[in-house]
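One structure is given below, encoded as structure tokens.
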Amino acid sequence: MKKTYLMIFLMMMLVMVGAGCSSDETEMKAQAGGKVELTVSAAVSLQDALNDIKKSFEKENANLEVHYNFGASGALQQQISQGAPVDLFFSAAEDKFDKLVEENLIEEKNGIDLVGNDLVLVVPKDSKKEIRSLEDLTKAAKISIGTPESVPAGQYAKQTLENMNLFKEMEDRLVYAKDVRQVLTYVETGNVDAGLVYKTDALNSSKVEIIAAAQADLHDSIIYPVGMINNLEHSKEAKLFYDYLQTEASMKIFEKYGFKNLK
């Protein structure tokens, strides 16, 4: 009997030691020189700015490594709702972000409206079409916008066309894209006569010409909120990156790529 009790006691001790090791795994990994990896789901329009910020952040935080999952904000929001392992969400639309707040996946105190953007009309650089304003879109045979249900830029584009009483007239000529970068590609390659994209994307392309910006009252405000997902394994590290996105150095990078500072 004594042997049996001794065996049970030893097994319980092993389980407790194992549990302790597991809880300290992240700390031990950091002490041993390993890197903690963070996953950030972000709107594809943020790609260039965030890649620059990642370089400077990782230079200052050698034990952290940032991985991005870029895509349409609606698709990213659905992935997170379904349990995708993500540390931060950087959306191109408030409604997609608010959905995660409603689902208790992000606390309001752990989020901020960080940057803004403009919606612009672009045409291929060598376009022969007489498109010189948003009203001239009626001269286009094909116009590309993001899929409104999942792509915020497409949602803003649809609102703009509806408020100009052009949507029904143009609906048969619309070519929908999976994200704003695909819209830009369609315009760059001449597959469409015009497209509605973010100003930040258009500024980084030498193959398109910006014709006009949509007036702010034609669509919802273009606001990019960012926040930390609840119950994170690496909450302390995620907070470091969340705070870094709000630093003066990061805001200068956002502004360099054409984003508006909303802080």
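Identifiers for the structure tokens are assigned positionally: chains receive A, B, ... in sequence, residues are indexed from 1 per chain, and ligands are indexed from 1 in the order shown.
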Determine, for each residue of region 60-163 of chain A having at least one atom at most 8 Å from an atom of region 218-223 of chain A, the closest pair of atoms and their separation in Å to one decimal, counting only C-alpha atoms; order by chain and ascending number, as CSV.
residue,atom,partner,partner_atom,distance
A:Ala92,CA,A:Ile223,CA,6.3
A:Ala93,CA,A:Ile223,CA,5.8
A:Glu94,CA,A:Ile223,CA,6.4
A:Asp113,CA,A:Ile223,CA,6.5
A:Leu114,CA,A:Ile223,CA,7.5
A:Val115,CA,A:Ile223,CA,6.1
A:Gly116,CA,A:Ile223,CA,4.6
A:Asn117,CA,A:Ile222,CA,5.6
A:Asp118,CA,A:Ile222,CA,6.8
A:Tyr156,CA,A:His219,CA,5.4
A:Ala157,CA,A:His219,CA,7.6
A:Gln159,CA,A:His219,CA,5.3
A:Thr160,CA,A:Leu218,CA,4.9
A:Asn163,CA,A:Leu218,CA,5.9
Could the residues of region 57-153 of chain A that have an atom at most 12 Å from region 35-39 of chain A be listed as a tab-separated table, each with its closest atom pair and the distance in Å to one decimal, counting only C-alpha atoms and ordered by chain and ascending residue number?
residue	atom	partner	partner_atom	distance
A:Phe57	CA	A:Leu38	CA	12.0
A:Glu58	CA	A:Lys35	CA	10.4
A:Asn61	CA	A:Lys35	CA	9.7
A:Ala62	CA	A:Lys35	CA	7.6
A:Asn63	CA	A:Lys35	CA	4.6
A:Leu64	CA	A:Val36	CA	4.9
A:Glu65	CA	A:Glu37	CA	4.7
A:Val66	CA	A:Leu38	CA	4.8
A:His67	CA	A:Thr39	CA	4.8
A:Tyr68	CA	A:Thr39	CA	5.8
A:Asn69	CA	A:Thr39	CA	7.2
A:Phe70	CA	A:Thr39	CA	10.5
A:Ile80	CA	A:Thr39	CA	11.4
A:Ala84	CA	A:Thr39	CA	10.0
A:Pro85	CA	A:Thr39	CA	7.6
A:Val86	CA	A:Thr39	CA	5.2
A:Asp87	CA	A:Thr39	CA	5.3
A:Leu88	CA	A:Thr39	CA	6.8
A:Phe89	CA	A:Thr39	CA	9.0
A:Phe90	CA	A:Thr39	CA	11.1
Output for the residues just chosen: N, CA and C atoms as a compact mmCIF listing (two decimals), in the first residue's frame:
# COMPACT_ATOMS: atom_id res chain seq x y z
N PHE A 57 10.03 48.47 -35.38
CA PHE A 57 9.60 47.86 -34.12
C PHE A 57 10.48 46.67 -33.75
N GLU A 58 10.74 45.79 -34.71
CA GLU A 58 11.55 44.60 -34.44
C GLU A 58 13.00 44.96 -34.15
N ASN A 61 12.81 45.81 -30.57
CA ASN A 61 12.33 44.70 -29.73
C ASN A 61 12.79 43.38 -30.35
N ALA A 62 14.06 43.06 -30.12
CA ALA A 62 14.69 41.91 -30.78
C ALA A 62 14.04 40.58 -30.43
N ASN A 63 13.33 40.50 -29.30
CA ASN A 63 12.73 39.23 -28.88
C ASN A 63 11.32 39.05 -29.44
N LEU A 64 10.84 40.02 -30.24
CA LEU A 64 9.49 39.93 -30.81
C LEU A 64 9.53 39.89 -32.33
N GLU A 65 8.60 39.13 -32.88
CA GLU A 65 8.50 39.01 -34.34
C GLU A 65 7.03 39.20 -34.74
N VAL A 66 6.78 40.14 -35.66
CA VAL A 66 5.41 40.47 -36.09
C VAL A 66 5.11 39.80 -37.42
N HIS A 67 3.98 39.09 -37.47
CA HIS A 67 3.51 38.47 -38.71
C HIS A 67 2.18 39.11 -39.08
N TYR A 68 2.05 39.51 -40.36
CA TYR A 68 0.82 40.15 -40.82
C TYR A 68 -0.04 39.18 -41.63
N ASN A 69 -1.33 39.35 -41.46
CA ASN A 69 -2.31 38.66 -42.29
C ASN A 69 -3.13 39.76 -42.96
N PHE A 70 -2.77 40.12 -44.20
CA PHE A 70 -3.43 41.21 -44.90
C PHE A 70 -4.62 40.69 -45.72
N ILE A 80 -11.60 36.12 -37.47
CA ILE A 80 -11.40 36.30 -36.03
C ILE A 80 -12.64 35.83 -35.27
N ALA A 84 -9.90 32.46 -35.41
CA ALA A 84 -8.52 32.55 -35.93
C ALA A 84 -7.59 33.11 -34.85
N PRO A 85 -6.40 32.53 -34.68
CA PRO A 85 -5.47 32.98 -33.64
C PRO A 85 -4.79 34.30 -34.03
N VAL A 86 -5.34 35.40 -33.55
CA VAL A 86 -4.86 36.74 -33.91
C VAL A 86 -4.65 37.55 -32.65
N ASP A 87 -3.62 38.41 -32.65
CA ASP A 87 -3.32 39.25 -31.49
C ASP A 87 -3.92 40.65 -31.62
N LEU A 88 -3.85 41.23 -32.83
CA LEU A 88 -4.41 42.55 -33.07
C LEU A 88 -5.19 42.58 -34.38
N PHE A 89 -6.21 43.44 -34.43
CA PHE A 89 -7.01 43.63 -35.63
C PHE A 89 -6.95 45.11 -36.01
N PHE A 90 -6.55 45.39 -37.26
CA PHE A 90 -6.43 46.77 -37.77
C PHE A 90 -7.35 46.87 -38.98
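Around Gln246 (chain A), within 9 Å and counting only C-alpha atoms, the residues found are Leu114, Phe241, Tyr242, Ser250, Met251 and Lys263 of chain A, once anything fewer than 4 positions away on its own chain is removed.
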Task: Contacts of Ser150 (chain A) within 7 Å, only C-alpha atoms, excl. fewer than 6 positions in-chain, as a VMD selection string - done: chain A and resid 72 to 75
Open item on the list: Need the shell around Ser81 (chain A): protein/DNA/RNA residues with any atom at most 10 Å away, counting only C-alpha atoms. Skip same-chain ones fewer than 2 positions apart. Format as JSON, numbers by chain?
Closed with: {"A": [75, 76, 77, 78, 79, 83, 84, 99, 100, 103, 104, 105]}
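Using only C-alpha atoms for every distance, the candidate list A:Lys55, A:Lys239, A:Lys139, A:Lys125 yields A:Lys239 as the residue closest to Gly227 (chain A).
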Residues of region 69-133 of chain A that approach region 184-201 of chain A to 6 Å or less, counting only C-alpha atoms: could you list each one with the shortest pair of atoms and its distance in Å to one decimal, rows by chain and increasing residue number, as a Markdown table?
| residue | atom | partner | partner_atom | distance |
| --- | --- | --- | --- | --- |
| A:Asp118 | CA | A:Lys199 | CA | 5.3 |
| A:Leu119 | CA | A:Tyr198 | CA | 4.6 |
| A:Val120 | CA | A:Val197 | CA | 5.6 |
| A:Leu121 | CA | A:Leu196 | CA | 4.7 |
| A:Val122 | CA | A:Gly195 | CA | 5.4 |
| A:Val123 | CA | A:Ala194 | CA | 4.5 |
| A:Pro124 | CA | A:Glu188 | CA | 5.5 |
Task: Point-to-point distance from CA of Ala42 (chain A) to CA of Gly71 (chain A), Å rounded to tenths - done: 6.6 Å
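If you measure from each of A:Asn51, A:Ala212, A:Val101, A:Lys96 to Ser133 (chain A) using only C-alpha atoms, the closest one turns out to be A:Ala212.
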Task: Picked from region 111-205 of chain A by DSSP as helix (DSSP H, G or I), as a PyMOL selection string - done: chain A and resi 134-139+152-163+167-173+180-188+199-203
Would you export the selected residues with N, CA and C atoms as an mmCIF file, in the first residue's frame, please?
data_model
loop_
_atom_site.group_PDB
_atom_site.id
_atom_site.type_symbol
_atom_site.label_atom_id
_atom_site.label_comp_id
_atom_site.auth_asym_id
_atom_site.auth_seq_id
_atom_site.Cartn_x
_atom_site.Cartn_y
_atom_site.Cartn_z
ATOM 1 N N LEU A 134 -15.868 62.556 -61.270
ATOM 2 C CA LEU A 134 -16.711 61.421 -60.886
ATOM 3 C C LEU A 134 -17.946 61.344 -61.769
ATOM 4 N N GLU A 135 -18.459 62.499 -62.176
ATOM 5 C CA GLU A 135 -19.647 62.514 -63.046
ATOM 6 C C GLU A 135 -19.351 61.876 -64.408
ATOM 7 N N ASP A 136 -18.078 61.930 -64.828
ATOM 8 C CA ASP A 136 -17.685 61.362 -66.124
ATOM 9 C C ASP A 136 -17.622 59.834 -66.118
ATOM 10 N N LEU A 137 -17.885 59.209 -64.966
ATOM 11 C CA LEU A 137 -17.872 57.746 -64.908
ATOM 12 C C LEU A 137 -18.873 57.126 -65.873
ATOM 13 N N THR A 138 -19.871 57.880 -66.262
ATOM 14 C CA THR A 138 -20.864 57.367 -67.230
ATOM 15 C C THR A 138 -20.213 57.089 -68.587
ATOM 16 N N LYS A 139 -19.022 57.622 -68.821
ATOM 17 C CA LYS A 139 -18.307 57.395 -70.091
ATOM 18 C C LYS A 139 -17.488 56.105 -70.063
ATOM 19 N N PRO A 152 -14.290 47.381 -47.303
ATOM 20 C CA PRO A 152 -14.748 48.719 -46.929
ATOM 21 C C PRO A 152 -14.648 49.745 -48.053
ATOM 22 N N ALA A 153 -13.547 49.717 -48.822
ATOM 23 C CA ALA A 153 -13.409 50.670 -49.930
ATOM 24 C C ALA A 153 -14.537 50.497 -50.941
ATOM 25 N N GLY A 154 -14.968 49.250 -51.124
ATOM 26 C CA GLY A 154 -16.092 48.975 -52.016
ATOM 27 C C GLY A 154 -17.405 49.486 -51.438
ATOM 28 N N GLN A 155 -17.520 49.374 -50.134
ATOM 29 C CA GLN A 155 -18.697 49.888 -49.425
ATOM 30 C C GLN A 155 -18.784 51.413 -49.583
ATOM 31 N N TYR A 156 -17.640 52.104 -49.403
ATOM 32 C CA TYR A 156 -17.612 53.552 -49.565
ATOM 33 C C TYR A 156 -17.874 53.947 -51.024
ATOM 34 N N ALA A 157 -17.342 53.139 -51.961
ATOM 35 C CA ALA A 157 -17.548 53.423 -53.381
ATOM 36 C C ALA A 157 -19.026 53.301 -53.756
ATOM 37 N N LYS A 158 -19.672 52.254 -53.266
ATOM 38 C CA LYS A 158 -21.092 52.061 -53.552
ATOM 39 C C LYS A 158 -21.914 53.212 -52.975
ATOM 40 N N GLN A 159 -21.607 53.618 -51.746
ATOM 41 C CA GLN A 159 -22.312 54.746 -51.119
ATOM 42 C C GLN A 159 -22.154 56.009 -51.965
ATOM 43 N N THR A 160 -20.933 56.236 -52.466
ATOM 44 C CA THR A 160 -20.661 57.425 -53.283
ATOM 45 C C THR A 160 -21.497 57.414 -54.557
ATOM 46 N N LEU A 161 -21.516 56.275 -55.239
ATOM 47 C CA LEU A 161 -22.284 56.169 -56.487
ATOM 48 C C LEU A 161 -23.783 56.293 -56.218
ATOM 49 N N GLU A 162 -24.241 55.717 -55.121
ATOM 50 C CA GLU A 162 -25.665 55.827 -54.775
ATOM 51 C C GLU A 162 -26.048 57.265 -54.472
ATOM 52 N N ASN A 163 -25.213 57.964 -53.721
ATOM 53 C CA ASN A 163 -25.509 59.350 -53.352
ATOM 54 C C ASN A 163 -25.391 60.308 -54.537
ATOM 55 N N PHE A 167 -25.429 54.724 -59.189
ATOM 56 C CA PHE A 167 -25.208 53.304 -58.970
ATOM 57 C C PHE A 167 -26.066 52.427 -59.888
ATOM 58 N N LYS A 168 -27.354 52.692 -59.957
ATOM 59 C CA LYS A 168 -28.238 51.864 -60.805
ATOM 60 C C LYS A 168 -27.830 51.940 -62.267
ATOM 61 N N GLU A 169 -27.442 53.140 -62.704
ATOM 62 C CA GLU A 169 -27.019 53.310 -64.091
ATOM 63 C C GLU A 169 -25.727 52.561 -64.389
ATOM 64 N N MET A 170 -24.827 52.504 -63.388
ATOM 65 C CA MET A 170 -23.510 51.905 -63.600
ATOM 66 C C MET A 170 -23.417 50.445 -63.169
ATOM 67 N N GLU A 171 -24.440 49.918 -62.508
ATOM 68 C CA GLU A 171 -24.357 48.594 -61.879
ATOM 69 C C GLU A 171 -23.892 47.498 -62.829
ATOM 70 N N ASP A 172 -24.373 47.510 -64.063
ATOM 71 C CA ASP A 172 -23.999 46.470 -65.034
ATOM 72 C C ASP A 172 -22.562 46.602 -65.508
ATOM 73 N N ARG A 173 -21.929 47.722 -65.225
ATOM 74 C CA ARG A 173 -20.555 47.945 -65.686
ATOM 75 C C ARG A 173 -19.523 47.749 -64.571
ATOM 76 N N VAL A 180 -8.959 46.197 -52.174
ATOM 77 C CA VAL A 180 -8.660 47.449 -52.870
ATOM 78 C C VAL A 180 -7.428 47.325 -53.758
ATOM 79 N N ARG A 181 -6.480 46.485 -53.391
ATOM 80 C CA ARG A 181 -5.284 46.296 -54.211
ATOM 81 C C ARG A 181 -5.626 45.643 -55.559
ATOM 82 N N GLN A 182 -6.609 44.770 -55.549
ATOM 83 C CA GLN A 182 -7.018 44.142 -56.803
ATOM 84 C C GLN A 182 -7.705 45.163 -57.709
ATOM 85 N N VAL A 183 -8.479 46.064 -57.119
ATOM 86 C CA VAL A 183 -9.083 47.151 -57.904
ATOM 87 C C VAL A 183 -7.978 47.935 -58.596
ATOM 88 N N LEU A 184 -6.946 48.290 -57.840
ATOM 89 C CA LEU A 184 -5.829 49.056 -58.391
ATOM 90 C C LEU A 184 -5.149 48.301 -59.531
ATOM 91 N N THR A 185 -4.978 47.000 -59.369
ATOM 92 C CA THR A 185 -4.350 46.180 -60.418
ATOM 93 C C THR A 185 -5.186 46.177 -61.688
ATOM 94 N N TYR A 186 -6.507 46.059 -61.546
ATOM 95 C CA TYR A 186 -7.388 46.095 -62.719
ATOM 96 C C TYR A 186 -7.225 47.399 -63.497
ATOM 97 N N VAL A 187 -7.073 48.507 -62.768
ATOM 98 C CA VAL A 187 -6.900 49.811 -63.425
ATOM 99 C C VAL A 187 -5.508 49.903 -64.048
ATOM 100 N N GLU A 188 -4.494 49.483 -63.322
ATOM 101 C CA GLU A 188 -3.110 49.550 -63.820
ATOM 102 C C GLU A 188 -2.935 48.770 -65.115
ATOM 103 N N LYS A 199 -6.819 56.747 -51.454
ATOM 104 C CA LYS A 199 -5.770 57.673 -51.892
ATOM 105 C C LYS A 199 -4.392 57.087 -51.619
ATOM 106 N N THR A 200 -4.225 56.410 -50.472
ATOM 107 C CA THR A 200 -2.926 55.853 -50.095
ATOM 108 C C THR A 200 -2.430 54.824 -51.106
ATOM 109 N N ASP A 201 -3.345 54.026 -51.664
ATOM 110 C CA ASP A 201 -2.953 53.030 -52.668
ATOM 111 C C ASP A 201 -2.602 53.705 -53.985
ATOM 112 N N ALA A 202 -3.414 54.680 -54.365
ATOM 113 C CA ALA A 202 -3.198 55.374 -55.638
ATOM 114 C C ALA A 202 -1.866 56.119 -55.649
ATOM 115 N N LEU A 203 -1.495 56.722 -54.521
ATOM 116 C CA LEU A 203 -0.250 57.488 -54.445
ATOM 117 C C LEU A 203 0.981 56.622 -54.666
#
Open item on the list: Going by DSSP on the backbone, which residues of region 3-211 of chain A come out as strand (DSSP E)? List them as a PyMOL selection string.
Closed with: chain A and resi 36-43+64-71+88-90+106-116+119-124+143-146+174-177+194-198+208-211
- [ ] Rounded to one decimal place, report the CA of Tyr176 (chain A)-CA of Phe259 (chain A) distance in Å.
- [x] 24.2 Å
- [ ] Could you jot down the CA of Ile143 (chain A) to CA of Ala49 (chain A) separation for me, Å, one decimal place?
- [x] 26.9 Å
Task: Nearest-residue call for Ser56 (chain A), choices A:Asn165, A:Ser41, A:Thr247, A:Ser206, using only C-alpha atoms - done: A:Thr247
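With only C-alpha atoms as the atoms that count, the minimum distance from Gln215 (chain A) to the choices A:Gly258, A:Asn231, A:Met164, A:Ala238 is reached by A:Met164.
If you count only C-alpha atoms and ignore residues fewer than 2 places along the chain from Asn110 (chain A), what sits within 7 Å of it is A:Ile106, A:Glu107, A:Glu108, A:Gly227, A:Met228.
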Could you save the residues just selected, with N, CA, C and O atoms, as a PDB file, in the first residue's frame?
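Below is the file that was written, part22.pdb:
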ATOM      1  N   ILE A 106     -13.058  42.067 -28.543  1.00  0.00           N
ATOM      2  CA  ILE A 106     -12.208  43.236 -28.298  1.00  0.00           C
ATOM      3  C   ILE A 106     -12.915  44.128 -27.287  1.00  0.00           C
ATOM      4  O   ILE A 106     -14.117  44.379 -27.419  1.00  0.00           O
ATOM      5  N   GLU A 107     -12.175  44.598 -26.298  1.00  0.00           N
ATOM      6  CA  GLU A 107     -12.740  45.567 -25.361  1.00  0.00           C
ATOM      7  C   GLU A 107     -12.510  46.974 -25.904  1.00  0.00           C
ATOM      8  O   GLU A 107     -11.437  47.264 -26.460  1.00  0.00           O
ATOM      9  N   GLU A 108     -13.516  47.838 -25.735  1.00  0.00           N
ATOM     10  CA  GLU A 108     -13.410  49.206 -26.259  1.00  0.00           C
ATOM     11  C   GLU A 108     -12.168  49.921 -25.748  1.00  0.00           C
ATOM     12  O   GLU A 108     -11.524  50.676 -26.484  1.00  0.00           O
ATOM     13  N   GLY A 227      -7.135  47.391 -32.543  1.00  0.00           N
ATOM     14  CA  GLY A 227      -7.337  46.958 -31.171  1.00  0.00           C
ATOM     15  C   GLY A 227      -6.766  45.583 -30.907  1.00  0.00           C
ATOM     16  O   GLY A 227      -6.458  44.828 -31.838  1.00  0.00           O
ATOM     17  N   MET A 228      -6.627  45.273 -29.614  1.00  0.00           N
ATOM     18  CA  MET A 228      -6.096  43.976 -29.191  1.00  0.00           C
ATOM     19  C   MET A 228      -7.231  42.993 -28.942  1.00  0.00           C
ATOM     20  O   MET A 228      -8.249  43.355 -28.342  1.00  0.00           O
TER      21      MET A 228
END
